[in-house]
file work-v1.cif (mmCIF, C-alpha atoms and all ligand atoms)
data_protein
#
loop_
_atom_site.label_atom_id
_atom_site.label_comp_id
_atom_site.auth_asym_id
_atom_site.auth_seq_id
_atom_site.Cartn_x
_atom_site.Cartn_y
_atom_site.Cartn_z
CA MET A 63 -18.83 -21.13 15.79
CA THR A 64 -21.81 -20.80 13.47
CA THR A 65 -21.69 -20.56 9.72
CA THR A 66 -24.37 -17.90 9.68
CA GLN A 67 -22.29 -15.07 11.07
CA CYS A 68 -21.08 -12.26 8.86
CA VAL A 69 -18.57 -9.42 9.22
CA ASP A 70 -21.32 -7.08 10.39
CA ASP A 71 -21.73 -9.15 13.55
CA PHE A 72 -18.34 -7.79 14.67
CA ARG A 73 -16.98 -4.34 15.44
CA LEU A 74 -13.49 -2.86 15.52
CA HIS A 75 -13.00 -0.83 18.69
CA PHE A 76 -10.53 2.03 18.90
CA GLY A 77 -11.08 3.52 22.35
CA LYS A 78 -14.72 4.58 22.36
CA GLN A 79 -14.99 4.42 18.60
CA GLU A 80 -16.85 1.54 16.97
CA LEU A 81 -16.13 0.72 13.36
CA VAL A 82 -17.13 -1.82 10.77
CA PRO A 83 -14.08 -4.12 10.91
CA ILE A 84 -13.07 -3.59 7.28
CA MET A 85 -9.97 -1.63 6.40
CA THR A 86 -8.99 -0.96 2.79
CA GLY A 87 -5.21 -1.16 2.45
CA GLY A 88 -2.97 1.56 1.11
CA MET A 89 -2.26 1.13 -2.60
CA GLY A 90 0.42 3.33 -4.09
CA VAL A 91 0.78 5.32 -6.27
CA ASP A 92 -2.70 6.83 -5.81
CA ILE A 93 -4.45 3.53 -6.55
CA SER A 94 -6.17 3.81 -3.17
CA THR A 95 -7.47 7.29 -3.90
CA VAL A 96 -8.99 9.86 -1.61
CA ASP A 97 -12.37 8.99 -3.18
CA LEU A 98 -11.98 5.33 -2.26
CA ALA A 99 -10.97 6.12 1.32
CA LEU A 100 -13.88 8.57 1.63
CA GLU A 101 -16.39 5.93 0.60
CA VAL A 102 -14.99 3.42 3.07
CA ALA A 103 -15.07 6.00 5.87
CA ARG A 104 -18.64 6.99 4.93
CA LEU A 105 -19.66 3.35 5.25
CA GLY A 106 -18.13 3.11 8.72
CA GLY A 107 -14.83 1.34 8.00
CA VAL A 108 -11.23 2.50 7.77
CA GLY A 109 -10.00 3.68 4.36
CA HIS A 110 -6.33 4.16 3.57
CA ILE A 111 -4.82 6.71 1.28
CA SER A 112 -1.18 6.22 0.31
CA ASP A 113 1.68 8.64 0.83
CA ALA A 114 3.76 7.16 -2.00
CA MET A 115 5.15 9.80 -4.36
CA LEU A 116 2.81 12.53 -3.15
CA PRO A 117 4.63 15.37 -4.92
CA THR A 118 3.76 13.85 -8.31
CA VAL A 119 0.26 12.93 -7.12
CA ALA A 120 -0.23 16.55 -6.00
CA ASP A 121 0.87 17.79 -9.43
CA ARG A 122 -1.74 15.59 -11.08
CA ARG A 123 -4.53 16.37 -8.65
CA TYR A 124 -3.91 19.79 -7.13
CA ASP A 125 -2.14 21.67 -9.94
CA THR A 126 1.20 22.03 -8.20
CA LYS A 127 4.50 21.92 -10.12
CA PHE A 128 6.72 20.02 -7.74
CA VAL A 129 8.10 17.53 -10.28
CA LYS A 130 8.79 20.21 -12.85
CA ASP A 131 10.64 22.29 -10.25
CA LYS A 132 12.74 19.33 -9.16
CA LEU A 133 13.58 18.32 -12.70
CA LYS A 134 14.57 21.90 -13.54
CA GLN A 135 16.87 22.07 -10.54
CA TYR A 136 18.62 18.77 -11.33
CA LYS A 137 18.38 18.65 -15.13
CA TYR A 138 22.17 19.03 -15.37
CA ASN A 139 22.49 15.59 -13.79
CA VAL A 140 20.18 13.57 -16.08
CA ALA A 141 22.98 11.85 -18.00
CA SER A 142 25.05 11.11 -14.90
CA SER A 143 24.79 7.83 -13.06
CA ASP A 144 25.74 9.48 -9.79
CA LYS A 145 22.43 10.56 -8.26
CA SER A 146 23.76 11.45 -4.82
CA ALA A 147 23.17 15.20 -5.30
CA ILE A 148 19.44 14.82 -5.92
CA LYS A 149 17.57 15.85 -2.80
CA PHE A 150 13.89 16.42 -2.14
CA ASN A 151 12.79 19.89 -1.18
CA LEU A 152 11.37 19.17 2.28
CA GLY A 153 9.04 22.17 2.21
CA GLN A 154 7.47 20.95 -1.01
CA LEU A 155 7.24 17.40 0.30
CA GLU A 156 5.43 18.72 3.35
CA GLU A 157 3.06 20.76 1.21
CA ALA A 158 2.25 17.83 -1.06
CA THR A 159 1.43 15.66 1.95
CA ARG A 160 -0.66 18.39 3.53
CA LEU A 161 -2.65 18.98 0.34
CA HIS A 162 -3.48 15.31 -0.09
CA VAL A 163 -4.37 14.62 3.53
CA ARG A 164 -6.45 17.81 3.83
CA LYS A 165 -8.32 16.92 0.68
CA ALA A 166 -9.37 13.66 2.34
CA MET A 167 -10.02 14.93 5.85
CA ASP A 168 -12.01 18.01 4.80
CA ALA A 169 -14.40 15.86 2.77
CA LYS A 170 -14.82 13.03 5.27
CA HIS A 171 -18.38 12.11 6.29
CA GLY A 172 -19.78 9.27 8.28
CA GLY A 173 -18.52 7.24 11.17
CA GLY A 174 -15.34 5.79 9.70
CA LEU A 175 -11.69 6.80 9.70
CA ILE A 176 -9.06 7.70 7.12
CA PHE A 177 -5.50 6.47 7.58
CA ILE A 178 -2.38 6.97 5.47
CA ASN A 179 0.03 4.20 4.45
CA CYS A 180 3.69 5.26 4.82
CA MET A 181 6.34 3.03 3.28
CA GLU A 182 9.79 3.18 4.85
CA LYS A 183 11.39 1.80 1.70
CA LEU A 184 10.76 5.14 0.00
CA THR A 185 14.12 6.30 1.25
CA MET A 186 14.26 9.40 -0.98
CA ASN A 187 18.03 9.96 -0.62
CA ALA A 188 17.52 11.12 2.99
CA PRO A 189 15.52 8.41 4.75
CA LYS A 190 15.11 9.94 8.18
CA GLU A 191 14.51 13.52 7.18
CA THR A 192 11.96 12.74 4.48
CA LEU A 193 10.06 10.19 6.57
CA ARG A 194 9.87 12.64 9.46
CA VAL A 195 8.38 15.29 7.15
CA ARG A 196 5.86 12.85 5.66
CA LEU A 197 4.68 11.60 9.05
CA THR A 198 4.60 15.03 10.65
CA ALA A 199 2.75 16.67 7.76
CA ALA A 200 0.12 13.92 7.77
CA LEU A 201 -0.46 14.44 11.50
CA ASP A 202 -0.54 18.22 11.08
CA ALA A 203 -3.16 17.88 8.35
CA GLY A 204 -5.42 15.87 10.64
CA ILE A 205 -5.07 12.30 9.42
CA ASP A 206 -6.90 9.88 11.72
CA GLY A 207 -4.09 7.33 11.69
CA ILE A 208 -0.82 6.23 10.11
CA THR A 209 0.07 2.71 9.03
CA LEU A 210 3.82 2.17 8.88
CA ALA A 211 4.55 -0.12 5.92
CA ALA A 212 7.31 -1.67 3.80
CA GLY A 213 10.07 -1.68 6.38
CA LEU A 214 10.86 -2.50 9.99
CA HIS A 215 10.32 1.11 11.15
CA LEU A 216 12.65 0.66 14.09
CA GLY A 217 13.05 4.42 14.53
CA SER A 218 9.76 5.73 13.16
CA PHE A 219 7.93 6.45 16.42
CA ALA A 220 10.94 8.41 17.64
CA LEU A 221 10.68 10.68 14.58
CA ILE A 222 7.28 11.94 15.71
CA GLU A 223 7.26 11.42 19.46
CA ALA A 224 7.35 15.16 20.12
CA HIS A 225 4.33 15.77 17.90
CA PRO A 226 1.25 16.93 19.85
CA ARG A 227 -0.83 14.23 18.14
CA PHE A 228 1.63 11.38 18.80
CA ARG A 229 -0.60 9.82 21.42
CA ASP A 230 -3.98 10.73 19.99
CA ALA A 231 -3.63 9.67 16.33
CA LYS A 232 -3.95 5.94 15.67
CA LEU A 233 -0.56 4.47 14.80
CA GLY A 234 -0.06 0.96 13.47
CA ILE A 235 2.47 -1.16 11.63
CA ILE A 236 2.36 -3.85 8.96
CA VAL A 237 4.40 -6.96 9.76
CA SER A 238 4.70 -10.34 8.09
CA SER A 239 6.27 -12.23 10.98
CA LEU A 240 6.33 -12.39 14.76
CA ARG A 241 10.02 -11.55 14.66
CA ALA A 242 9.40 -8.27 12.84
CA LEU A 243 6.77 -7.32 15.42
CA GLN A 244 9.06 -8.20 18.33
CA LEU A 245 11.84 -6.06 16.86
CA PHE A 246 9.47 -3.15 16.31
CA LEU A 247 8.14 -3.29 19.85
CA ARG A 248 11.62 -3.60 21.35
CA LYS A 249 13.07 -0.69 19.39
CA ASN A 250 10.09 1.61 19.79
CA GLY A 251 9.49 0.71 23.45
CA ARG A 252 11.46 3.74 24.58
CA THR A 253 8.65 6.03 23.38
CA ASN A 254 6.35 4.33 25.86
CA ARG A 255 3.65 3.91 23.27
CA LEU A 256 2.34 0.68 21.81
CA PRO A 257 0.93 0.58 18.30
CA ASP A 258 -2.87 0.88 18.28
CA TYR A 259 -3.11 -2.01 15.82
CA VAL A 260 -0.92 -4.41 13.92
CA VAL A 261 -1.70 -5.42 10.34
CA VAL A 262 -0.40 -8.95 9.76
CA GLU A 263 0.17 -9.25 6.03
CA GLY A 264 0.55 -12.72 4.56
CA PRO A 265 2.15 -13.84 1.30
CA LEU A 266 -0.95 -13.49 -0.92
CA ALA A 267 -1.12 -9.69 -0.71
CA GLY A 268 -0.58 -7.20 -3.51
CA GLY A 269 2.33 -4.78 -3.68
CA HIS A 270 5.64 -5.71 -2.07
CA LEU A 271 5.81 -8.82 0.08
CA GLY A 272 7.46 -9.10 3.46
CA PHE A 273 8.74 -12.55 2.44
CA GLY A 274 11.49 -13.91 0.25
CA MET A 275 10.91 -15.81 -2.97
CA ASP A 276 9.89 -18.72 -0.72
CA TRP A 277 6.67 -16.81 0.03
CA ALA A 278 4.51 -19.79 -0.96
CA GLU A 279 5.72 -21.71 2.08
CA TYR A 280 4.03 -19.26 4.45
CA ASP A 281 0.41 -19.03 5.44
CA LEU A 282 -1.43 -16.01 6.84
CA ALA A 283 -3.61 -17.88 9.35
CA THR A 284 -0.54 -19.58 10.86
CA ILE A 285 1.34 -16.29 11.26
CA VAL A 286 -1.70 -14.59 12.79
CA ALA A 287 -2.15 -17.44 15.29
CA GLU A 288 1.52 -17.31 16.23
CA ILE A 289 1.45 -13.56 16.85
CA GLN A 290 -1.83 -13.85 18.73
CA ALA A 291 -0.39 -16.50 21.07
CA TRP A 292 2.73 -14.46 21.74
CA LEU A 293 0.76 -11.27 22.48
CA LYS A 294 -1.40 -13.23 24.90
CA ALA A 295 1.61 -14.70 26.66
CA GLU A 296 3.10 -11.21 26.96
CA GLN A 297 -0.26 -9.85 28.12
CA LEU A 298 -0.24 -7.29 25.33
CA ASP A 299 -3.64 -6.25 24.08
CA ILE A 300 -3.05 -4.99 20.54
CA PRO A 301 -5.74 -5.42 17.86
CA LEU A 302 -4.58 -7.70 15.04
CA ILE A 303 -5.70 -7.07 11.48
CA PRO A 304 -4.90 -9.88 9.00
CA ALA A 305 -4.37 -8.99 5.33
CA GLY A 306 -3.59 -10.78 2.09
CA GLY A 307 -5.95 -13.04 0.19
CA ILE A 308 -9.10 -12.32 2.23
CA PHE A 309 -11.42 -12.39 -0.75
CA THR A 310 -14.95 -12.91 0.62
CA GLY A 311 -16.95 -11.78 3.60
CA SER A 312 -16.77 -15.35 4.86
CA ASP A 313 -12.97 -15.38 4.66
CA ALA A 314 -13.03 -12.21 6.77
CA THR A 315 -15.60 -13.61 9.20
CA ALA A 316 -13.43 -16.66 9.88
CA TYR A 317 -10.56 -14.40 11.01
CA LEU A 318 -12.90 -12.29 13.15
CA GLN A 319 -14.31 -15.43 14.78
CA ASN A 320 -10.75 -16.41 15.65
CA GLY A 321 -10.10 -13.14 17.44
CA ALA A 322 -8.89 -10.74 14.75
CA ALA A 323 -10.02 -7.15 15.35
CA ALA A 324 -10.64 -6.38 11.66
CA VAL A 325 -9.33 -7.35 8.23
CA GLN A 326 -7.38 -5.34 5.68
CA VAL A 327 -8.38 -5.88 2.06
CA ALA A 328 -7.35 -4.33 -1.24
CA THR A 329 -7.56 -6.47 -4.38
CA ARG A 330 -11.36 -6.55 -4.52
CA PHE A 331 -11.34 -2.74 -4.64
CA THR A 332 -8.97 -2.48 -7.63
CA VAL A 333 -11.95 -2.92 -9.98
CA THR A 334 -14.11 -0.20 -8.45
CA HIS A 335 -14.88 3.18 -9.99
CA GLU A 336 -13.16 4.89 -7.06
CA CYS A 337 -9.85 3.03 -7.55
CA GLY A 338 -7.15 5.19 -9.16
CA LEU A 339 -6.10 2.73 -11.88
CA PRO A 340 -7.17 3.78 -15.38
CA ASP A 341 -10.37 1.94 -16.41
CA LYS A 342 -8.60 0.08 -19.21
CA ILE A 343 -6.19 -1.40 -16.69
CA LYS A 344 -9.04 -2.39 -14.37
CA GLN A 345 -10.19 -4.62 -17.27
CA GLU A 346 -6.73 -6.28 -17.26
CA TYR A 347 -7.26 -7.10 -13.60
CA PHE A 348 -10.72 -8.54 -14.33
CA ARG A 349 -9.45 -10.64 -17.22
CA ALA A 350 -6.40 -12.03 -15.44
CA GLU A 351 -6.05 -15.80 -15.11
CA GLU A 352 -3.99 -17.45 -12.40
CA GLN A 353 -1.07 -18.05 -14.78
CA ASP A 354 -0.99 -14.33 -15.69
CA ILE A 355 0.20 -13.37 -12.18
CA GLU A 356 3.75 -13.68 -10.86
CA VAL A 357 5.89 -12.76 -7.90
CA ASN A 358 9.20 -11.44 -9.18
CA GLY A 359 12.32 -9.63 -8.02
CA ILE A 360 12.29 -6.62 -10.34
CA SER A 361 11.51 -4.04 -7.65
CA PRO A 362 14.70 -2.13 -6.80
CA THR A 363 13.65 -2.24 -3.14
CA GLY A 364 14.83 -5.84 -2.90
CA TYR A 365 11.39 -7.04 -1.78
CA PRO A 366 9.55 -9.50 -4.02
CA MET A 367 6.51 -7.95 -5.65
CA ARG A 368 3.36 -9.51 -7.11
CA MET A 369 2.12 -8.24 -10.46
CA LEU A 370 0.45 -9.12 -13.74
CA LYS A 371 3.00 -10.59 -16.15
CA GLY A 372 1.62 -8.30 -18.86
CA SER A 373 2.73 -5.14 -17.01
CA PRO A 374 4.34 -2.90 -19.65
CA GLY A 375 7.02 -1.84 -17.14
CA ILE A 376 8.52 -5.35 -17.05
CA GLY A 377 11.66 -5.43 -19.20
CA ASP A 378 11.40 -1.76 -20.09
CA GLY A 379 14.77 -0.02 -20.26
CA ILE A 380 14.09 3.69 -19.82
CA ARG A 381 16.75 6.01 -18.52
CA PRO A 382 16.47 6.36 -14.72
CA ASN A 383 14.20 9.26 -13.86
CA CYS A 384 15.65 10.17 -10.47
CA GLU A 385 15.90 13.88 -11.26
CA ALA A 386 12.10 14.01 -11.49
CA TYR A 387 11.26 11.27 -8.97
CA GLY A 388 14.04 9.51 -7.03
CA TYR A 389 11.85 8.02 -4.31
CA LEU A 390 13.89 4.82 -4.07
CA LEU A 391 17.32 6.42 -3.83
CA ASP A 392 18.98 5.18 -0.66
CA SER A 393 20.96 7.42 1.67
CA ASN A 394 23.92 7.23 -0.72
CA GLY A 395 21.91 8.16 -3.78
CA LYS A 396 21.83 4.59 -5.12
CA CYS A 397 19.04 2.51 -6.65
CA ALA A 398 19.38 -1.04 -8.00
CA TYR A 399 17.71 -0.01 -11.27
CA ILE A 400 20.45 2.53 -12.02
CA ASP A 401 23.07 -0.24 -11.81
CA ALA A 402 21.02 -2.62 -13.94
CA TYR A 403 20.41 0.08 -16.54
CA ASN A 404 24.09 1.09 -16.72
CA ARG A 405 25.13 -2.54 -17.11
CA GLU A 406 22.82 -2.97 -20.10
CA VAL A 407 23.93 0.31 -21.68
CA ALA A 408 27.57 -0.79 -21.37
CA ALA A 409 26.75 -4.20 -22.84
CA HIS A 410 24.87 -2.74 -25.85
CA PRO A 411 26.68 0.49 -26.71
CA GLU A 412 25.12 0.73 -30.19
CA ALA A 413 21.54 0.03 -29.20
CA LYS A 414 18.96 2.82 -29.53
CA LYS A 415 16.63 1.14 -27.09
CA ILE A 416 17.76 -1.28 -24.42
CA ARG A 417 15.83 -3.75 -22.31
CA VAL A 418 16.38 -4.25 -18.58
CA TRP A 419 14.79 -7.42 -17.25
CA ASP A 420 16.13 -7.89 -13.74
CA LYS A 421 15.06 -4.53 -12.29
CA THR A 422 12.49 -1.89 -13.18
CA CYS A 423 12.36 1.88 -12.82
CA LEU A 424 9.60 1.50 -10.24
CA CYS A 425 9.03 5.21 -9.58
CA THR A 426 8.30 5.96 -13.22
CA HIS A 427 6.28 2.85 -13.88
CA MET A 428 4.14 3.03 -10.74
CA ARG A 429 3.55 6.72 -11.45
CA ASN A 430 2.36 5.86 -14.97
CA PHE A 431 0.41 2.70 -14.00
CA GLU A 432 2.76 0.47 -16.00
CA ILE A 433 3.52 -1.99 -13.21
CA TRP A 434 0.23 -3.69 -12.48
CA THR A 435 0.76 -4.91 -8.97
CA CYS A 436 -2.05 -7.08 -7.64
CA GLY A 437 -3.04 -9.63 -5.02
CA HIS A 438 -2.79 -13.38 -5.58
CA TYR A 439 -6.56 -13.78 -6.03
CA THR A 440 -6.84 -11.16 -8.75
CA TYR A 441 -7.76 -14.06 -11.04
CA LYS A 442 -11.03 -14.40 -9.13
CA LEU A 443 -12.13 -10.82 -9.78
CA LYS A 444 -13.99 -11.89 -12.92
CA ASP A 445 -16.38 -13.81 -10.64
CA THR A 446 -17.27 -10.62 -8.75
CA SER A 447 -18.94 -8.82 -11.66
CA VAL A 448 -20.96 -9.29 -14.82
CA ARG A 449 -19.98 -8.86 -18.45
CA GLU A 450 -21.33 -6.14 -20.67
CA PRO A 451 -22.48 -6.90 -24.23
CA ASP A 452 -19.09 -5.66 -25.55
CA GLY A 453 -17.28 -8.29 -23.46
CA SER A 454 -15.89 -5.89 -20.88
CA TYR A 455 -16.56 -6.39 -17.19
CA ARG A 456 -18.77 -3.96 -15.33
CA LEU A 457 -16.87 -1.81 -12.86
CA LEU A 458 -18.17 -2.01 -9.31
CA THR A 459 -18.77 0.71 -6.78
CA ALA A 460 -16.66 0.75 -3.65
CA GLU A 461 -19.94 0.70 -1.72
CA HIS A 462 -20.96 -2.55 -3.42
CA VAL A 463 -17.67 -4.28 -2.60
CA PHE A 464 -17.60 -2.93 0.95
CA ARG A 465 -21.15 -4.09 1.65
CA ASP A 466 -20.44 -7.46 0.10
CA TYR A 467 -17.58 -7.95 2.58
CA GLN A 468 -19.80 -6.65 5.38
CA PHE A 469 -22.90 -8.75 4.80
CA SER A 470 -22.14 -11.77 2.62
CA ARG A 471 -22.32 -15.24 4.14
CA ASP A 472 -21.44 -18.79 3.19
CA GLY A 473 -18.62 -17.85 0.82
CA ARG A 474 -20.96 -15.97 -1.50
CA VAL A 475 -19.99 -12.92 -3.55
CA ALA A 476 -22.80 -10.55 -4.53
CA LEU A 477 -22.87 -9.55 -8.19
CA PRO A 478 -23.75 -5.97 -9.17
CA GLU A 479 -27.40 -5.22 -10.01
C1 LIG B 1 -2.68 -2.64 -6.39
C2 LIG B 1 -2.12 -2.79 -5.00
C3 LIG B 1 -1.19 -1.88 -4.53
C4 LIG B 1 -0.69 -1.99 -3.23
N1 LIG B 1 0.18 -1.04 -2.76
C5 LIG B 1 0.59 -1.07 -1.47
C6 LIG B 1 1.38 -0.03 -0.94
O1 LIG B 1 1.69 0.95 -1.62
N2 LIG B 1 1.78 -0.12 0.37
C7 LIG B 1 1.41 -1.19 1.16
O2 LIG B 1 1.79 -1.24 2.33
N3 LIG B 1 0.64 -2.18 0.68
C8 LIG B 1 0.21 -2.14 -0.61
N4 LIG B 1 -0.63 -3.13 -1.08
C9 LIG B 1 -1.09 -4.19 -0.14
C10 LIG B 1 -2.49 -3.87 0.40
O3 LIG B 1 -2.51 -2.67 1.12
C11 LIG B 1 -3.09 -4.98 1.26
O4 LIG B 1 -2.46 -5.13 2.50
C12 LIG B 1 -3.14 -6.35 0.60
O5 LIG B 1 -3.13 -6.30 -0.79
C13 LIG B 1 -4.38 -7.07 1.08
O6 LIG B 1 -4.56 -8.28 0.40
P1 LIG B 1 -5.65 -8.45 -0.78
O7 LIG B 1 -5.23 -7.55 -1.87
O8 LIG B 1 -5.56 -9.90 -1.12
O9 LIG B 1 -7.01 -8.07 -0.24
C14 LIG B 1 -1.12 -3.05 -2.39
C15 LIG B 1 -2.05 -3.96 -2.88
C16 LIG B 1 -2.56 -3.85 -4.17
C17 LIG B 1 -3.58 -4.85 -4.66
#

call {"tool": "encode", "arguments": {"input": "work-v1.cif", "output": "structure tokens", "more": "lines below"}}
Ligand SMILES: Cc1cc2nc3c(=O)[nH]c(=O)nc-3n(C[C@H](O)[C@H](O)[C@H](O)COP(=O)(O)O)c2cc1C
result
Amino acid sequence: MTTTQCVDDFRLHFGKQELVPIMTGGMGVDISTVDLALEVARLGGVGHISDAMLPTVADRRYDTKFVKDKLKQYKYNVASSDKSAIKFNLGQLEEATRLHVRKAMDAKHGGGLIFINCMEKLTMNAPKETLRVRLTAALDAGIDGITLAAGLHLGSFALIEAHPRFRDAKLGIIVSSLRALQLFLRKNGRTNRLPDYVVVEGPLAGGHLGFGMDWAEYDLATIVAEIQAWLKAEQLDIPLIPAGGIFTGSDATAYLQNGAAAVQVATRFTVTHECGLPDKIKQEYFRAEEQDIEVNGISPTGYPMRMLKGSPGIGDGIRPNCEAYGYLLDSNGKCAYIDAYNREVAAHPEAKKIRVWDKTCLCTHMRNFEIWTCGHYTYKLKDTSVREPDGSYRLLTAEHVFRDYQFSRDGRVALPE
């Protein structure tokens, strides 16, 4: 092992394809934009778009009216706490996915790939049917690969095994433990298709965590080594892609030297022009100190989530918005936020505005960029840029951050020109 190697000394191989071994992770809702994925693909890596809440993303970006239509259809139900009748229109869901994926694939240049991140926890009051439509539409629209996320995905391959692209598109899964990978392989074995890659996400990642509130007791390198040893013993050759807290090119290089096929990174890209967060919020990410970041249990999914403590969505008590959104409704039309909200309304019958602290209306607040989810090392972002005379931090280009990962050595981070 030499200290002079950098990420560019390695390549990610998918069949005959050679890629720069840098993957940008999916960041919902539209934080990992098409523009960000396009830049990463142009530079020879793998860029993710996200399939979270695509009907509302399509409305914002492609002038559709999916949310308005849904709200109109279910407006009668807004005051009711029984949300079981609210169903997604599968044709519209398909169209939203197609529009977004086509937008990315039609504009793609360069030697890289564009994948889509699909979270199983978006159960949408019909988990199987909606997931099948999302996966199928992404394949139809020509996506290069799909990363199965936020869930065990025990039946996900079966949902698309009849698709003509099932064996040609790259399919991978995000796991946070050997056990989750073993379960996935066992349950999907019937389709006679291994995943093309496995993202191993540790406890320092942004978004939802695949750990309990004891996340701090786990360590990415240890989990990667454990999975690597097991795959070797089983004689399974599946590329491993560590993720979570890989902040510098040297951090990435260390994993590649130890046999990882690539790395998945996200937090460094939240302060780029191409990232979908509003610019004002990117400054919040830059300014964050370590004590401004927490892992809490307010996501109705039941997974812990990391975010800035200053997120306006924390403690907010808006009426559940399931008639417009409803992405977290389980197969019985339930969401933990609805219960928390109703409890507070019952406890404060006179109040004009209530607060709900234990759960948040995640659909609404992710849609409106009011839950500022982030990786553990967000507090180091300020060291990756320079300050302008007005005190704000200079936004970076995705190209700058990508190339810094690709070429930096000795733990250095290149500042913008
Ligand atoms: C703002 C933000 C949003 C994220 N959203 C998602 C998501 O929607 N789905 C998902 O699987 N992972 C999500 N992640 C996790 C990333 O894809 C990635 O695996 C992880 O953050 C990598 O660690 P890093 O941020 O320390 O580089 C998100 C991360 C961030 C920072």

call {"tool": "residues_around", "arguments": {"input": "work-v1.cif", "residues": "Ile84 of chain A", "least_positions_apart": "5", "cutoff": "9 Å", "atoms": "all atoms listed in the file", "output": "VMD selection string"}}
result
chain A and resid 69 74 102 106 to 109 314 324 to 327 464 467 to 468

call {"tool": "write_last_selection", "arguments": {"input": "work-v1.cif", "atoms": "C-alpha atoms", "output": "PDB file, keeping the file's coordinate frame"}}
result
ATOM      1  CA  VAL A  69     -18.570  -9.420   9.220  1.00  0.00           C
ATOM      2  CA  LEU A  74     -13.490  -2.860  15.520  1.00  0.00           C
ATOM      3  CA  VAL A 102     -14.990   3.420   3.070  1.00  0.00           C
ATOM      4  CA  GLY A 106     -18.130   3.110   8.720  1.00  0.00           C
ATOM      5  CA  GLY A 107     -14.830   1.340   8.000  1.00  0.00           C
ATOM      6  CA  VAL A 108     -11.230   2.500   7.770  1.00  0.00           C
ATOM      7  CA  GLY A 109     -10.000   3.680   4.360  1.00  0.00           C
ATOM      8  CA  ALA A 314     -13.030 -12.210   6.770  1.00  0.00           C
ATOM      9  CA  ALA A 324     -10.640  -6.380  11.660  1.00  0.00           C
ATOM     10  CA  VAL A 325      -9.330  -7.350   8.230  1.00  0.00           C
ATOM     11  CA  GLN A 326      -7.380  -5.340   5.680  1.00  0.00           C
ATOM     12  CA  VAL A 327      -8.380  -5.880   2.060  1.00  0.00           C
ATOM     13  CA  PHE A 464     -17.600  -2.930   0.950  1.00  0.00           C
ATOM     14  CA  TYR A 467     -17.580  -7.950   2.580  1.00  0.00           C
ATOM     15  CA  GLN A 468     -19.800  -6.650   5.380  1.00  0.00           C
TER      16      GLN A 468
END

call {"tool": "residues_around", "arguments": {"input": "work-v1.cif", "residues": "segment 179-182 of chain A", "least_positions_apart": "5", "cutoff": "9 Å", "atoms": "all atoms listed in the file", "output": "mmCIF file with C-alpha atoms, in the coordinates of the input"}}
result
data_model
loop_
_atom_site.group_PDB
_atom_site.id
_atom_site.type_symbol
_atom_site.label_atom_id
_atom_site.label_comp_id
_atom_site.auth_asym_id
_atom_site.auth_seq_id
_atom_site.Cartn_x
_atom_site.Cartn_y
_atom_site.Cartn_z
ATOM 1 C CA GLY A 87 -5.210 -1.160 2.450
ATOM 2 C CA GLY A 88 -2.970 1.560 1.110
ATOM 3 C CA MET A 89 -2.260 1.130 -2.600
ATOM 4 C CA GLY A 90 0.420 3.330 -4.090
ATOM 5 C CA HIS A 110 -6.330 4.160 3.570
ATOM 6 C CA ILE A 111 -4.820 6.710 1.280
ATOM 7 C CA SER A 112 -1.180 6.220 0.310
ATOM 8 C CA ASP A 113 1.680 8.640 0.830
ATOM 9 C CA ALA A 114 3.760 7.160 -2.000
ATOM 10 C CA PRO A 189 15.520 8.410 4.750
ATOM 11 C CA LEU A 193 10.060 10.190 6.570
ATOM 12 C CA ARG A 196 5.860 12.850 5.660
ATOM 13 C CA LEU A 197 4.680 11.600 9.050
ATOM 14 C CA GLY A 207 -4.090 7.330 11.690
ATOM 15 C CA ILE A 208 -0.820 6.230 10.110
ATOM 16 C CA THR A 209 0.070 2.710 9.030
ATOM 17 C CA LEU A 210 3.820 2.170 8.880
ATOM 18 C CA ALA A 211 4.550 -0.120 5.920
ATOM 19 C CA ALA A 212 7.310 -1.670 3.800
ATOM 20 C CA GLY A 213 10.070 -1.680 6.380
ATOM 21 C CA LEU A 214 10.860 -2.500 9.990
ATOM 22 C CA HIS A 215 10.320 1.110 11.150
ATOM 23 C CA SER A 218 9.760 5.730 13.160
#

call {"tool": "closest_residue", "arguments": {"input": "work-v1.cif", "among": "A:Gly473, A:Gly321, A:Gly77, A:Gly338", "to": "ligand LIG 1 (chain B)", "atoms": "only C-alpha atoms and all ligand atoms"}}
result
A:Gly338

call {"tool": "atom_distance", "arguments": {"input": "work-v1.cif", "atom1": "atom CA of Leu240 of chain A", "atom2": "atom CA of Ile289 of chain A"}}
result
5.4 Å

call {"tool": "residues_around", "arguments": {"input": "work-v1.cif", "residues": "Tyr347 of chain A", "least_positions_apart": "4", "cutoff": "9 Å", "atoms": "all atoms listed in the file", "output": "number ranges by chain"}}
result
A: 332-333, 343, 351, 370, 434, 436, 440-441, 443-444

call {"tool": "atom_distance", "arguments": {"input": "work-v1.cif", "atom1": "atom CA of Leu116 of chain A", "atom2": "atom CA of Ala188 of chain A"}}
result
16.0 Å

call {"tool": "closest_residue", "arguments": {"input": "work-v1.cif", "among": "A:Leu216, A:Val163, A:Glu263, A:Asp230", "to": "Gly251 of chain A", "atoms": "all atoms listed in the file"}}
result
A:Leu216

call {"tool": "atom_distance", "arguments": {"input": "work-v1.cif", "atom1": "atom CA of His270 of chain A", "atom2": "atom CA of Pro366 of chain A"}}
result
5.8 Å

call {"tool": "residues_around", "arguments": {"input": "work-v1.cif", "residues": "Leu318 of chain A", "least_positions_apart": "2", "cutoff": "12 Å", "atoms": "all atoms listed in the file", "output": "PyMOL selection string"}}
result
chain A and resi 63+67-74+82-84+283+286+301-304+308+311-316+320-326+468
